[in-house]
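Report on one structure; see the data block that follows.
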Amino acid sequence: MRPDSPLGRRLAARLARWRDDGLLRTLRPPAGVDLSSNDYLGLSRDPRLAQALAAAAAREGVGSTGSRLLRGEREQFDALERRFARFKAAERSLYFSSGYLANLAVLTTLTEEGDLICSDASNHASLIDGMRLSRARRVIFPHGDLGRLARLLAGEPCQGIRFVVVESLFSMDGDIAPLAAIAGICRAFDAVLVVDEAHAVGVFGDRGTGLLESIDVNGVACVSINAAGKALGVAGAFVAGPAPAIEHLVQRARPFVYSTAPPPAVAAAIEASLSIVEAEPDRRTRVRQRSAYLRRRLSDIGLPVPPGESQILPVLVGDNAKAIAVAARLASDGFDVRAIRPPSVPPGTARLRLSINEGLSEETLDRVAGAVGRAFQEAGLCSAVSS
Ligand SMILES: Cc1ncc(COP(=O)(O)O)c(C=O)c1O
């Protein structure tokens, strides 16, 4: 493309503006101690998953060769979906090749014109894009404001069905939605509850199935989206919920119907991962203990970390350029921490997003806390950091 062509000029101007605003992203492979991946249970490198994947690929071939409704269907997918539905105590589940596509599928297929969707302001981009593609009307309630949610459900016009869409563990704020109260509100308004459990599955719940595990959703139509590429260490995502909702997705969800099925060997790797989640609860206990430990250490030295109990620790910076500088300083100390900036978070709320995995020792976390404190001090963000 010529740089002086209309598109060439437009793209150069956009890139220059993003650079000036501290919003330009770079593609950087992992380096240093992992404090940024979603591999919370350390399963992505577990040899049992790798063996299951390799053996299945040797047996089944690599590509699935078609969509699930054509020649891409395999018994492994069906067996895995039945297993995941049992794991999640749901009637049925359906596997998608990514959480992004699963969210598009749920929000475009289960909603119709005349419906109303109430969405938490901090919901993930994939939920937002699903709502944008939906024919239903979307209204946004301030993050976690259940009073406002109830008023919207009561007052906003709706000729069809009401939906409430939240994440159970918010990916950038690291806080947990008050799911029991939200389920109660849904029950009162006969609203469908859509819960994205991307960051909770594998980590929360006595059985490791996520935060919905301990919530009474009796009498509520509840659909959850459960990533397999985060704590489960593989790829893709399951939608779990009432059988008619899942059947509807099989029939009509465009990201399912019009996309090549995932490689069948991935199903074997996820089976292995679920077996580990079930058999080794210590992994999730460790993640939560280590997260609490680092949260304490960071607040002890005066850093702005919100209280909470999850493995996602946001440390607020505000300014984009300073967030980049702090992350770069940590990289030079050997820690892989990424600066999260708009549009992933609201303007003026750039932050470090520290994510904790079960393999991090307290000694490493002590070093992390010291390094974060020093990096904040050097960036002029925190005058009285004591390490
Ligand atoms: C809350 C949430 N939902 C959905 C997704 C998308 O999942 P996937 O990465 O499998 O496409 C993400 C990914 O970061 C996420 O954080």
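In the structure tokens, the first chain shown is A, the next is B, and so on; residue numbers restart at 1 for each chain, and ligands run from 1 in the order shown.
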Just the residues within 6 Å of range 117-124 of chain A, please, counting only C-alpha atoms, with nothing from its chain fewer than 6 positions along; format it as an mmCIF file with N, CA and C atoms, in the first residue's frame.
```
data_model
loop_
_atom_site.group_PDB
_atom_site.id
_atom_site.type_symbol
_atom_site.label_atom_id
_atom_site.label_comp_id
_atom_site.auth_asym_id
_atom_site.auth_seq_id
_atom_site.Cartn_x
_atom_site.Cartn_y
_atom_site.Cartn_z
ATOM 1 N N ARG A 138 -29.747 -2.813 24.758
ATOM 2 C CA ARG A 138 -28.798 -2.977 25.863
ATOM 3 C C ARG A 138 -28.798 -1.741 26.745
ATOM 4 N N VAL A 139 -28.887 -1.951 28.054
ATOM 5 C CA VAL A 139 -28.689 -0.841 28.987
ATOM 6 C C VAL A 139 -27.579 -1.255 29.956
ATOM 7 N N ILE A 140 -26.790 -0.247 30.365
ATOM 8 C CA ILE A 140 -25.616 -0.552 31.190
ATOM 9 C C ILE A 140 -25.849 -0.048 32.596
ATOM 10 N N PHE A 141 -25.563 -0.876 33.598
ATOM 11 C CA PHE A 141 -25.633 -0.388 34.979
ATOM 12 C C PHE A 141 -24.213 -0.222 35.525
ATOM 13 N N PRO A 142 -24.001 0.803 36.396
ATOM 14 C CA PRO A 142 -22.655 1.009 36.935
ATOM 15 C C PRO A 142 -22.155 -0.271 37.605
ATOM 16 N N HIS A 143 -20.863 -0.483 37.510
ATOM 17 C CA HIS A 143 -20.256 -1.725 37.993
ATOM 18 C C HIS A 143 -20.739 -2.096 39.406
ATOM 19 N N ARG A 162 -36.052 -10.447 29.665
ATOM 20 C CA ARG A 162 -34.980 -9.646 30.264
ATOM 21 C C ARG A 162 -33.758 -10.540 30.512
ATOM 22 N N PHE A 163 -32.590 -10.006 30.230
ATOM 23 C CA PHE A 163 -31.327 -10.724 30.474
ATOM 24 C C PHE A 163 -30.437 -9.851 31.357
ATOM 25 N N VAL A 164 -29.709 -10.505 32.260
ATOM 26 C CA VAL A 164 -28.704 -9.792 33.065
ATOM 27 C C VAL A 164 -27.350 -10.433 32.746
ATOM 28 N N VAL A 165 -26.360 -9.605 32.387
ATOM 29 C CA VAL A 165 -25.061 -10.142 31.950
ATOM 30 C C VAL A 165 -23.952 -9.609 32.860
ATOM 31 N N VAL A 166 -23.224 -10.535 33.485
ATOM 32 C CA VAL A 166 -22.111 -10.149 34.369
ATOM 33 C C VAL A 166 -20.949 -11.132 34.201
#
```
Exercise. What lies within 7 Å of range 252-259 of chain A using only C-alpha atoms, ignoring chain neighbours under 4 positions off, as a count of residues only?
Worked result: 7
Problem set entry | DSSP alpha helix (DSSP H) selection over range 89-293 of chain A, as a PyMOL selection string | chain A and resi 99-109+125-133+146-155+179-189+243-252+254-257+264-279+282-293
Problem set entry | Pick from A:Tyr100, A:Phe335, A:Phe87, A:Phe238 nearest to ligand 1, counting only C-alpha atoms and all ligand atoms |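 Under the stated criterion, the closest residue is A:Tyr100.
With CA of Ile185 in chain A on one side and CA of Pro242 in chain A on the other, the separation reads 19.2 Å.
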What are the closest atom pairs, with distances in Å to one decimal, for all residues of chain A lying within 8 Å of ligand 1? Consider only C-alpha atoms and all ligand atoms, order rows by chain and residue number, and present the result as a Markdown table.
```
| residue | atom | partner | partner_atom_place_in_ligand_line | distance |
| --- | --- | --- | --- | --- |
| A:Ser97 | CA | ligand 1 | 10 (O) | 7.4 |
| A:Ser98 | CA | ligand 1 | 10 (O) | 4.0 |
| A:Gly99 | CA | ligand 1 | 7 (O) | 3.3 |
| A:Tyr100 | CA | ligand 1 | 11 (O) | 3.8 |
| A:Leu101 | CA | ligand 1 | 11 (O) | 6.5 |
| A:Ala102 | CA | ligand 1 | 11 (O) | 7.8 |
| A:Asn103 | CA | ligand 1 | 4 (C) | 6.8 |
| A:Asn123 | CA | ligand 1 | 1 (C) | 7.1 |
| A:His124 | CA | ligand 1 | 1 (C) | 5.0 |
| A:Ala125 | CA | ligand 1 | 3 (N) | 7.6 |
| A:Ser126 | CA | ligand 1 | 4 (C) | 5.8 |
| A:Leu127 | CA | ligand 1 | 3 (N) | 7.0 |
| A:Glu167 | CA | ligand 1 | 1 (C) | 6.1 |
| A:Leu169 | CA | ligand 1 | 1 (C) | 7.6 |
| A:Phe170 | CA | ligand 1 | 1 (C) | 6.3 |
| A:Ser171 | CA | ligand 1 | 16 (O) | 5.0 |
| A:Met172 | CA | ligand 1 | 16 (O) | 7.8 |
| A:Asp196 | CA | ligand 1 | 3 (N) | 6.0 |
| A:Glu197 | CA | ligand 1 | 1 (C) | 6.9 |
| A:Ala198 | CA | ligand 1 | 1 (C) | 5.0 |
| A:His199 | CA | ligand 1 | 1 (C) | 6.5 |
| A:Ile225 | CA | ligand 1 | 3 (N) | 7.8 |
| A:Ala227 | CA | ligand 1 | 10 (O) | 5.4 |
| A:Ala228 | CA | ligand 1 | 10 (O) | 6.8 |
| A:Gly229 | CA | ligand 1 | 10 (O) | 5.5 |
| A:Lys230 | CA | ligand 1 | 10 (O) | 7.4 |
| A:Ala235 | CA | ligand 1 | 10 (O) | 6.3 |
| A:Gly236 | CA | ligand 1 | 10 (O) | 5.0 |
| A:Ala237 | CA | ligand 1 | 10 (O) | 5.9 |
```
Gly72 in chain A surroundings by only C-alpha atoms, 10 Å radius, close-in-sequence under 6 positions cut, as an mmCIF file with N, CA, C and O atoms, in the first residue's frame:
```cif
data_model
loop_
_atom_site.group_PDB
_atom_site.id
_atom_site.type_symbol
_atom_site.label_atom_id
_atom_site.label_comp_id
_atom_site.auth_asym_id
_atom_site.auth_seq_id
_atom_site.Cartn_x
_atom_site.Cartn_y
_atom_site.Cartn_z
ATOM 1 N N GLY A 63 -6.266 -31.506 12.186
ATOM 2 C CA GLY A 63 -7.422 -30.639 11.935
ATOM 3 C C GLY A 63 -8.725 -31.426 12.014
ATOM 4 O O GLY A 63 -8.758 -32.645 11.800
ATOM 5 N N SER A 64 -9.813 -30.726 12.287
ATOM 6 C CA SER A 64 -11.109 -31.413 12.384
ATOM 7 C C SER A 64 -11.800 -31.471 11.021
ATOM 8 O O SER A 64 -12.790 -32.184 10.876
ATOM 9 N N THR A 65 -11.327 -30.690 10.072
ATOM 10 C CA THR A 65 -11.715 -30.752 8.649
ATOM 11 C C THR A 65 -13.094 -30.197 8.302
ATOM 12 O O THR A 65 -13.475 -30.228 7.137
ATOM 13 N N GLY A 66 -13.826 -29.727 9.273
ATOM 14 C CA GLY A 66 -15.140 -29.173 8.927
ATOM 15 C C GLY A 66 -15.832 -28.659 10.170
ATOM 16 O O GLY A 66 -15.323 -28.809 11.296
ATOM 17 N N SER A 259 -18.163 -22.200 11.590
ATOM 18 C CA SER A 259 -16.733 -22.179 11.885
ATOM 19 C C SER A 259 -16.223 -23.620 11.983
ATOM 20 O O SER A 259 -16.929 -24.500 12.504
ATOM 21 N N THR A 260 -15.028 -23.830 11.503
ATOM 22 C CA THR A 260 -14.426 -25.171 11.566
ATOM 23 C C THR A 260 -14.286 -25.603 13.027
ATOM 24 O O THR A 260 -13.892 -24.805 13.882
ATOM 25 N N ALA A 261 -14.636 -26.837 13.313
ATOM 26 C CA ALA A 261 -14.533 -27.347 14.680
ATOM 27 C C ALA A 261 -13.072 -27.295 15.139
ATOM 28 O O ALA A 261 -12.154 -27.395 14.331
ATOM 29 N N PRO A 262 -12.856 -27.143 16.448
ATOM 30 C CA PRO A 262 -11.472 -27.124 16.955
ATOM 31 C C PRO A 262 -10.776 -28.463 16.674
ATOM 32 O O PRO A 262 -11.439 -29.478 16.437
ATOM 33 N N PRO A 263 -9.435 -28.494 16.731
ATOM 34 C CA PRO A 263 -8.732 -29.779 16.569
ATOM 35 C C PRO A 263 -9.233 -30.770 17.618
ATOM 36 O O PRO A 263 -9.302 -30.424 18.797
ATOM 37 N N PRO A 264 -9.590 -31.990 17.216
ATOM 38 C CA PRO A 264 -10.155 -32.954 18.175
ATOM 39 C C PRO A 264 -9.219 -33.250 19.355
ATOM 40 O O PRO A 264 -9.693 -33.526 20.467
#
```
Exercise. Taking the backbone alone, and naming residues the way the document does, which bits of range 158-383 of chain A are strand (DSSP E) by DSSP, as a ChimeraX atom specification?
Worked result: /A:162-167,192-196,222-227,237-241,312-318,335-336,338-340,350-355
Write the residues of the selection above to a file with N, CA, C and O atoms, as a short mmCIF file (atom, residue, chain, number, x, y, z; two decimals), in the first residue's frame.
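So the final result, stored in result-v7.cif, reads:
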```
data_model
loop_
_atom_site.label_atom_id
_atom_site.label_comp_id
_atom_site.auth_asym_id
_atom_site.auth_seq_id
_atom_site.Cartn_x
_atom_site.Cartn_y
_atom_site.Cartn_z
N ARG A 162 -36.05 -10.45 29.66
CA ARG A 162 -34.98 -9.65 30.26
C ARG A 162 -33.76 -10.54 30.51
O ARG A 162 -33.91 -11.69 30.97
N PHE A 163 -32.59 -10.01 30.23
CA PHE A 163 -31.33 -10.72 30.47
C PHE A 163 -30.44 -9.85 31.36
O PHE A 163 -30.41 -8.63 31.19
N VAL A 164 -29.71 -10.50 32.26
CA VAL A 164 -28.70 -9.79 33.06
C VAL A 164 -27.35 -10.43 32.75
O VAL A 164 -27.21 -11.67 32.81
N VAL A 165 -26.36 -9.61 32.39
CA VAL A 165 -25.06 -10.14 31.95
C VAL A 165 -23.95 -9.61 32.86
O VAL A 165 -23.78 -8.40 32.99
N VAL A 166 -23.22 -10.53 33.48
CA VAL A 166 -22.11 -10.15 34.37
C VAL A 166 -20.95 -11.13 34.20
O VAL A 166 -21.12 -12.22 33.66
N GLU A 167 -19.79 -10.73 34.69
CA GLU A 167 -18.70 -11.68 34.90
C GLU A 167 -18.74 -12.09 36.36
O GLU A 167 -19.08 -11.26 37.22
N VAL A 192 -33.20 -13.80 32.65
CA VAL A 192 -32.18 -14.83 32.39
C VAL A 192 -30.84 -14.29 32.90
O VAL A 192 -30.50 -13.13 32.65
N LEU A 193 -30.09 -15.14 33.59
CA LEU A 193 -28.79 -14.73 34.12
C LEU A 193 -27.67 -15.31 33.24
O LEU A 193 -27.56 -16.54 33.08
N VAL A 194 -26.86 -14.44 32.65
CA VAL A 194 -25.72 -14.87 31.83
C VAL A 194 -24.45 -14.51 32.61
O VAL A 194 -24.20 -13.34 32.89
N VAL A 195 -23.67 -15.54 32.96
CA VAL A 195 -22.49 -15.30 33.79
C VAL A 195 -21.24 -15.78 33.05
O VAL A 195 -21.12 -16.97 32.71
N ASP A 196 -20.31 -14.87 32.85
CA ASP A 196 -19.03 -15.24 32.26
C ASP A 196 -18.09 -15.65 33.40
O ASP A 196 -17.67 -14.82 34.20
N CYS A 222 -30.19 -19.91 33.93
CA CYS A 222 -28.81 -19.42 34.08
C CYS A 222 -27.92 -20.08 33.02
O CYS A 222 -27.89 -21.30 32.88
N VAL A 223 -27.21 -19.24 32.29
CA VAL A 223 -26.27 -19.72 31.28
C VAL A 223 -24.90 -19.21 31.66
O VAL A 223 -24.73 -18.02 31.95
N SER A 224 -23.90 -20.11 31.70
CA SER A 224 -22.55 -19.64 32.03
C SER A 224 -21.61 -19.90 30.86
O SER A 224 -21.81 -20.82 30.06
N ILE A 225 -20.58 -19.06 30.79
CA ILE A 225 -19.54 -19.23 29.79
C ILE A 225 -18.25 -19.50 30.56
O ILE A 225 -17.90 -18.76 31.48
N ASN A 226 -17.56 -20.59 30.20
CA ASN A 226 -16.45 -21.09 31.00
C ASN A 226 -15.22 -21.30 30.12
O ASN A 226 -15.20 -22.23 29.31
N ALA A 227 -14.23 -20.45 30.29
CA ALA A 227 -13.05 -20.53 29.42
C ALA A 227 -12.26 -21.80 29.71
O ALA A 227 -12.12 -22.22 30.86
N ALA A 237 -13.85 -22.57 25.03
CA ALA A 237 -14.74 -22.28 26.16
C ALA A 237 -16.03 -23.08 26.03
O ALA A 237 -16.46 -23.42 24.91
N PHE A 238 -16.61 -23.38 27.19
CA PHE A 238 -17.89 -24.10 27.24
C PHE A 238 -19.01 -23.14 27.61
O PHE A 238 -18.86 -22.38 28.58
N VAL A 239 -20.11 -23.25 26.89
CA VAL A 239 -21.33 -22.63 27.38
C VAL A 239 -22.09 -23.74 28.09
O VAL A 239 -22.26 -24.84 27.54
N ALA A 240 -22.51 -23.48 29.33
CA ALA A 240 -23.25 -24.50 30.09
C ALA A 240 -24.59 -23.90 30.50
O ALA A 240 -24.67 -22.72 30.85
N GLY A 241 -25.64 -24.72 30.43
CA GLY A 241 -26.95 -24.19 30.81
C GLY A 241 -28.06 -25.15 30.49
O GLY A 241 -27.83 -26.35 30.24
N ILE A 312 -6.49 -12.05 40.70
CA ILE A 312 -6.21 -10.92 39.80
C ILE A 312 -6.06 -9.67 40.66
O ILE A 312 -7.01 -9.26 41.35
N LEU A 313 -4.86 -9.10 40.66
CA LEU A 313 -4.58 -7.94 41.52
C LEU A 313 -4.27 -6.73 40.64
O LEU A 313 -3.18 -6.62 40.08
N PRO A 314 -5.22 -5.80 40.52
CA PRO A 314 -4.91 -4.59 39.77
C PRO A 314 -4.20 -3.58 40.66
O PRO A 314 -4.57 -3.41 41.82
N VAL A 315 -3.14 -2.97 40.15
CA VAL A 315 -2.48 -1.90 40.90
C VAL A 315 -2.65 -0.65 40.06
O VAL A 315 -2.06 -0.54 38.97
N LEU A 316 -3.47 0.27 40.55
CA LEU A 316 -3.85 1.42 39.75
C LEU A 316 -2.69 2.39 39.55
O LEU A 316 -1.98 2.72 40.50
N VAL A 317 -2.51 2.84 38.28
CA VAL A 317 -1.50 3.83 37.96
C VAL A 317 -2.18 5.11 37.49
O VAL A 317 -1.88 6.21 37.93
N GLY A 318 -3.14 4.98 36.58
CA GLY A 318 -3.86 6.14 36.04
C GLY A 318 -3.32 6.52 34.68
O GLY A 318 -3.96 6.29 33.66
N PHE A 335 10.48 -9.59 35.78
CA PHE A 335 9.08 -9.93 36.08
C PHE A 335 8.20 -9.58 34.89
O PHE A 335 8.24 -8.46 34.39
N ASP A 336 7.39 -10.54 34.46
CA ASP A 336 6.52 -10.32 33.31
C ASP A 336 5.17 -9.79 33.80
O ASP A 336 4.26 -10.54 34.13
N ARG A 338 2.20 -6.87 32.75
CA ARG A 338 1.82 -6.03 31.61
C ARG A 338 0.99 -4.82 32.05
O ARG A 338 0.21 -4.91 33.01
N ALA A 339 1.22 -3.72 31.33
CA ALA A 339 0.43 -2.50 31.59
C ALA A 339 -0.90 -2.65 30.86
O ALA A 339 -0.93 -2.93 29.66
N ILE A 340 -1.99 -2.47 31.56
CA ILE A 340 -3.31 -2.56 30.94
C ILE A 340 -3.84 -1.13 30.76
O ILE A 340 -3.91 -0.37 31.73
N ALA A 350 -5.37 3.37 33.76
CA ALA A 350 -4.32 2.41 33.37
C ALA A 350 -3.76 1.77 34.65
O ALA A 350 -3.74 2.40 35.71
N ARG A 351 -3.38 0.54 34.53
CA ARG A 351 -2.97 -0.21 35.73
C ARG A 351 -2.00 -1.32 35.38
O ARG A 351 -1.87 -1.72 34.22
N LEU A 352 -1.37 -1.85 36.43
CA LEU A 352 -0.69 -3.12 36.28
C LEU A 352 -1.72 -4.17 36.65
O LEU A 352 -2.48 -3.98 37.60
N ARG A 353 -1.75 -5.25 35.89
CA ARG A 353 -2.65 -6.34 36.27
C ARG A 353 -1.74 -7.51 36.63
O ARG A 353 -1.12 -8.12 35.75
N LEU A 354 -1.62 -7.77 37.94
CA LEU A 354 -0.80 -8.88 38.39
C LEU A 354 -1.70 -10.09 38.51
O LEU A 354 -2.73 -10.03 39.19
N SER A 355 -1.35 -11.19 37.85
CA SER A 355 -2.16 -12.39 38.01
C SER A 355 -1.27 -13.48 38.62
O SER A 355 -0.11 -13.65 38.24
#
```
Problem set entry | Residue neighbourhood Glu112 in chain A, 9 Å, only C-alpha atoms, exclusion window fewer than 3 positions, as a ChimeraX atom specification | /A:108-109,115-116,134-136,160-161
Just the selected residues (N, CA, C and O atoms), exported as a PDB file, in the first residue's frame, please.
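Below you can see selection_2.pdb, which holds the result:
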```pdb
ATOM      1  N   THR A 108     -25.961 -13.328  20.878  1.00  0.00           N
ATOM      2  CA  THR A 108     -26.676 -13.092  19.617  1.00  0.00           C
ATOM      3  C   THR A 108     -27.766 -14.131  19.373  1.00  0.00           C
ATOM      4  O   THR A 108     -28.706 -13.861  18.657  1.00  0.00           O
ATOM      5  N   THR A 109     -27.626 -15.295  19.971  1.00  0.00           N
ATOM      6  CA  THR A 109     -28.549 -16.381  19.625  1.00  0.00           C
ATOM      7  C   THR A 109     -29.712 -16.497  20.604  1.00  0.00           C
ATOM      8  O   THR A 109     -30.825 -16.826  20.211  1.00  0.00           O
ATOM      9  N   ASP A 115     -36.228  -7.827  23.360  1.00  0.00           N
ATOM     10  CA  ASP A 115     -35.650  -8.204  24.659  1.00  0.00           C
ATOM     11  C   ASP A 115     -34.849  -7.037  25.228  1.00  0.00           C
ATOM     12  O   ASP A 115     -34.474  -6.105  24.498  1.00  0.00           O
ATOM     13  N   LEU A 116     -34.559  -7.146  26.517  1.00  0.00           N
ATOM     14  CA  LEU A 116     -33.747  -6.124  27.188  1.00  0.00           C
ATOM     15  C   LEU A 116     -32.542  -6.809  27.827  1.00  0.00           C
ATOM     16  O   LEU A 116     -32.699  -7.820  28.529  1.00  0.00           O
ATOM     17  N   SER A 134     -26.364  -8.218  18.966  1.00  0.00           N
ATOM     18  CA  SER A 134     -27.705  -8.716  19.286  1.00  0.00           C
ATOM     19  C   SER A 134     -28.757  -7.716  18.821  1.00  0.00           C
ATOM     20  O   SER A 134     -28.494  -6.523  18.721  1.00  0.00           O
ATOM     21  N   ARG A 135     -29.977  -8.197  18.580  1.00  0.00           N
ATOM     22  CA  ARG A 135     -31.071  -7.293  18.217  1.00  0.00           C
ATOM     23  C   ARG A 135     -31.781  -6.754  19.451  1.00  0.00           C
ATOM     24  O   ARG A 135     -32.689  -5.941  19.356  1.00  0.00           O
ATOM     25  N   ALA A 136     -31.401  -7.253  20.619  1.00  0.00           N
ATOM     26  CA  ALA A 136     -32.035  -6.778  21.859  1.00  0.00           C
ATOM     27  C   ALA A 136     -31.502  -5.383  22.203  1.00  0.00           C
ATOM     28  O   ALA A 136     -30.451  -4.972  21.723  1.00  0.00           O
ATOM     29  N   GLY A 160     -40.113  -8.364  25.422  1.00  0.00           N
ATOM     30  CA  GLY A 160     -39.747  -9.777  25.355  1.00  0.00           C
ATOM     31  C   GLY A 160     -39.200 -10.281  26.679  1.00  0.00           C
ATOM     32  O   GLY A 160     -39.858 -10.202  27.719  1.00  0.00           O
ATOM     33  N   ILE A 161     -37.958 -10.745  26.657  1.00  0.00           N
ATOM     34  CA  ILE A 161     -37.339 -11.374  27.826  1.00  0.00           C
ATOM     35  C   ILE A 161     -36.232 -10.465  28.340  1.00  0.00           C
ATOM     36  O   ILE A 161     -35.547  -9.800  27.560  1.00  0.00           O
TER      37      ILE A 161
END
```
Exercise. Could you pull the residues within 12 Å of Gly373 in chain A, counting only C-alpha atoms, minus those fewer than 5 positions along the same chain, as number ranges by chain?
Worked result: A: 297-305, 315, 326-327, 329-330, 366-368, 378-387
Output N, CA, C and O atoms for every residue in that selection, as a short mmCIF file (atom, residue, chain, number, x, y, z; two decimals), in the first residue's frame.
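Output file selection10.cif follows:
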```cif
data_model
loop_
_atom_site.label_atom_id
_atom_site.label_comp_id
_atom_site.auth_asym_id
_atom_site.auth_seq_id
_atom_site.Cartn_x
_atom_site.Cartn_y
_atom_site.Cartn_z
N ARG A 297 1.18 -7.94 51.05
CA ARG A 297 2.52 -7.35 50.92
C ARG A 297 2.45 -6.01 50.17
O ARG A 297 3.09 -5.05 50.54
N LEU A 298 1.65 -5.97 49.09
CA LEU A 298 1.57 -4.72 48.31
C LEU A 298 0.89 -3.62 49.11
O LEU A 298 1.33 -2.47 49.10
N SER A 299 -0.19 -3.96 49.85
CA SER A 299 -0.81 -2.87 50.61
C SER A 299 0.04 -2.47 51.80
O SER A 299 0.06 -1.29 52.16
N ASP A 300 0.79 -3.43 52.38
CA ASP A 300 1.69 -3.06 53.48
C ASP A 300 2.70 -1.99 53.06
O ASP A 300 3.11 -1.17 53.86
N ILE A 301 3.11 -2.04 51.77
CA ILE A 301 4.10 -1.04 51.36
C ILE A 301 3.42 0.18 50.74
O ILE A 301 4.07 1.01 50.11
N GLY A 302 2.13 0.27 50.89
CA GLY A 302 1.42 1.49 50.52
C GLY A 302 0.98 1.58 49.07
O GLY A 302 0.69 2.67 48.57
N LEU A 303 0.91 0.43 48.39
CA LEU A 303 0.48 0.49 46.99
C LEU A 303 -1.04 0.38 46.88
O LEU A 303 -1.69 -0.28 47.69
N PRO A 304 -1.61 1.03 45.84
CA PRO A 304 -3.07 1.08 45.70
C PRO A 304 -3.66 -0.21 45.13
O PRO A 304 -4.01 -0.30 43.97
N VAL A 305 -3.78 -1.22 45.99
CA VAL A 305 -4.37 -2.50 45.57
C VAL A 305 -5.72 -2.64 46.28
O VAL A 305 -5.77 -2.56 47.50
N VAL A 315 -3.14 -2.97 40.15
CA VAL A 315 -2.48 -1.90 40.90
C VAL A 315 -2.65 -0.65 40.06
O VAL A 315 -2.06 -0.54 38.97
N VAL A 326 6.37 1.68 34.37
CA VAL A 326 6.45 0.76 35.51
C VAL A 326 6.58 -0.68 35.02
O VAL A 326 7.41 -1.45 35.54
N ALA A 327 5.80 -1.04 34.00
CA ALA A 327 5.87 -2.42 33.48
C ALA A 327 7.25 -2.68 32.88
O ALA A 327 7.82 -3.79 33.05
N ARG A 329 10.08 -1.29 33.75
CA ARG A 329 11.04 -1.41 34.86
C ARG A 329 10.96 -2.82 35.45
O ARG A 329 11.98 -3.46 35.75
N LEU A 330 9.73 -3.32 35.60
CA LEU A 330 9.57 -4.66 36.17
C LEU A 330 10.12 -5.72 35.23
O LEU A 330 10.71 -6.71 35.66
N ASP A 366 7.65 -11.91 47.58
CA ASP A 366 8.33 -10.84 48.33
C ASP A 366 9.16 -9.99 47.37
O ASP A 366 9.17 -8.77 47.44
N ARG A 367 9.84 -10.68 46.45
CA ARG A 367 10.67 -9.94 45.49
C ARG A 367 9.79 -9.11 44.55
O ARG A 367 10.12 -7.99 44.20
N VAL A 368 8.65 -9.68 44.16
CA VAL A 368 7.72 -8.95 43.29
C VAL A 368 7.27 -7.67 43.99
O VAL A 368 7.30 -6.58 43.41
N GLU A 378 10.08 5.09 41.46
CA GLU A 378 10.85 5.69 40.37
C GLU A 378 9.97 6.46 39.40
O GLU A 378 10.38 7.45 38.82
N ALA A 379 8.72 5.99 39.23
CA ALA A 379 7.82 6.66 38.30
C ALA A 379 7.12 7.85 38.98
O ALA A 379 6.25 8.48 38.38
N GLY A 380 7.50 8.10 40.23
CA GLY A 380 6.92 9.25 40.95
C GLY A 380 5.47 9.01 41.33
O GLY A 380 4.69 9.94 41.49
N LEU A 381 5.11 7.73 41.49
CA LEU A 381 3.71 7.43 41.76
C LEU A 381 3.41 7.25 43.25
O LEU A 381 2.27 7.20 43.65
N CYS A 382 4.46 7.10 44.02
CA CYS A 382 4.23 6.71 45.40
C CYS A 382 5.46 7.14 46.17
O CYS A 382 6.54 6.62 45.96
N SER A 383 5.33 8.14 47.04
CA SER A 383 6.52 8.70 47.65
C SER A 383 7.02 7.86 48.81
O SER A 383 8.20 7.74 49.06
N ALA A 384 6.09 7.25 49.57
CA ALA A 384 6.51 6.64 50.84
C ALA A 384 6.46 5.12 50.80
O ALA A 384 5.97 4.48 51.70
N VAL A 385 6.94 4.56 49.68
CA VAL A 385 6.92 3.10 49.60
C VAL A 385 8.01 2.53 50.49
O VAL A 385 9.16 2.89 50.40
N SER A 386 7.62 1.64 51.40
CA SER A 386 8.62 0.98 52.25
C SER A 386 8.65 -0.49 51.89
O SER A 386 7.61 -1.11 51.80
N SER A 387 9.80 -1.06 51.61
CA SER A 387 9.80 -2.47 51.20
C SER A 387 10.39 -3.35 52.28
O SER A 387 10.84 -2.91 53.28
#
```
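When CA of Tyr293 in chain A is paired with CA of Asp319 in chain A, their separation reads 26.8 Å.
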Within 12 Å of range 275-282 of chain A, which residues of range 81-196 of chain A come that close, and what is the closest atom pair and distance in Å for each? Count only C-alpha atoms and give it as CSV.
```
residue,atom,partner,partner_atom,distance
A:Arg83,CA,A:Ser275,CA,10.3
A:Phe84,CA,A:Ser275,CA,10.9
A:Phe87,CA,A:Glu278,CA,8.9
A:Lys88,CA,A:Glu278,CA,11.8
```
Do a neighbour search on Glu358 in chain A at 12 Å with only C-alpha atoms, toss out local chain neighbours closer than 3 positions, and write the hits as a short mmCIF file (atom, residue, chain, number, x, y, z; two decimals) with C-alpha atoms, in the first residue's frame.
```
data_model
loop_
_atom_site.label_atom_id
_atom_site.label_comp_id
_atom_site.auth_asym_id
_atom_site.auth_seq_id
_atom_site.Cartn_x
_atom_site.Cartn_y
_atom_site.Cartn_z
CA ASP A 34 4.94 -15.07 34.96
CA LEU A 35 2.72 -12.47 36.61
CA SER A 37 -0.85 -15.01 32.16
CA ASN A 38 -4.19 -16.61 33.01
CA ASP A 39 -2.49 -19.97 33.56
CA TYR A 40 -3.55 -19.82 37.21
CA LEU A 41 -3.15 -23.55 37.94
CA GLY A 42 0.01 -23.97 35.88
CA LEU A 43 -1.72 -26.53 33.65
CA GLY A 202 -10.79 -24.00 37.90
CA VAL A 203 -9.93 -21.55 40.67
CA ALA A 231 -7.02 -21.90 34.42
CA GLU A 280 -5.74 -31.78 42.86
CA PRO A 281 -7.71 -29.16 44.80
CA ASP A 282 -4.46 -28.00 46.45
CA ARG A 283 -3.61 -26.10 43.29
CA ARG A 284 -6.54 -23.74 43.64
CA THR A 285 -6.02 -23.42 47.39
CA ARG A 286 -2.43 -22.37 46.71
CA VAL A 287 -3.48 -19.80 44.10
CA ARG A 288 -5.82 -18.17 46.59
CA GLN A 289 -3.29 -18.27 49.47
CA ARG A 290 -0.54 -16.75 47.34
CA SER A 291 -2.89 -14.07 46.01
CA GLN A 311 -5.94 -14.09 41.91
CA SER A 355 -2.16 -12.39 38.01
CA SER A 361 6.52 -19.02 46.04
CA GLU A 362 6.17 -16.52 48.89
CA THR A 364 9.25 -14.79 44.79
CA LEU A 365 6.21 -12.74 45.77
#
```
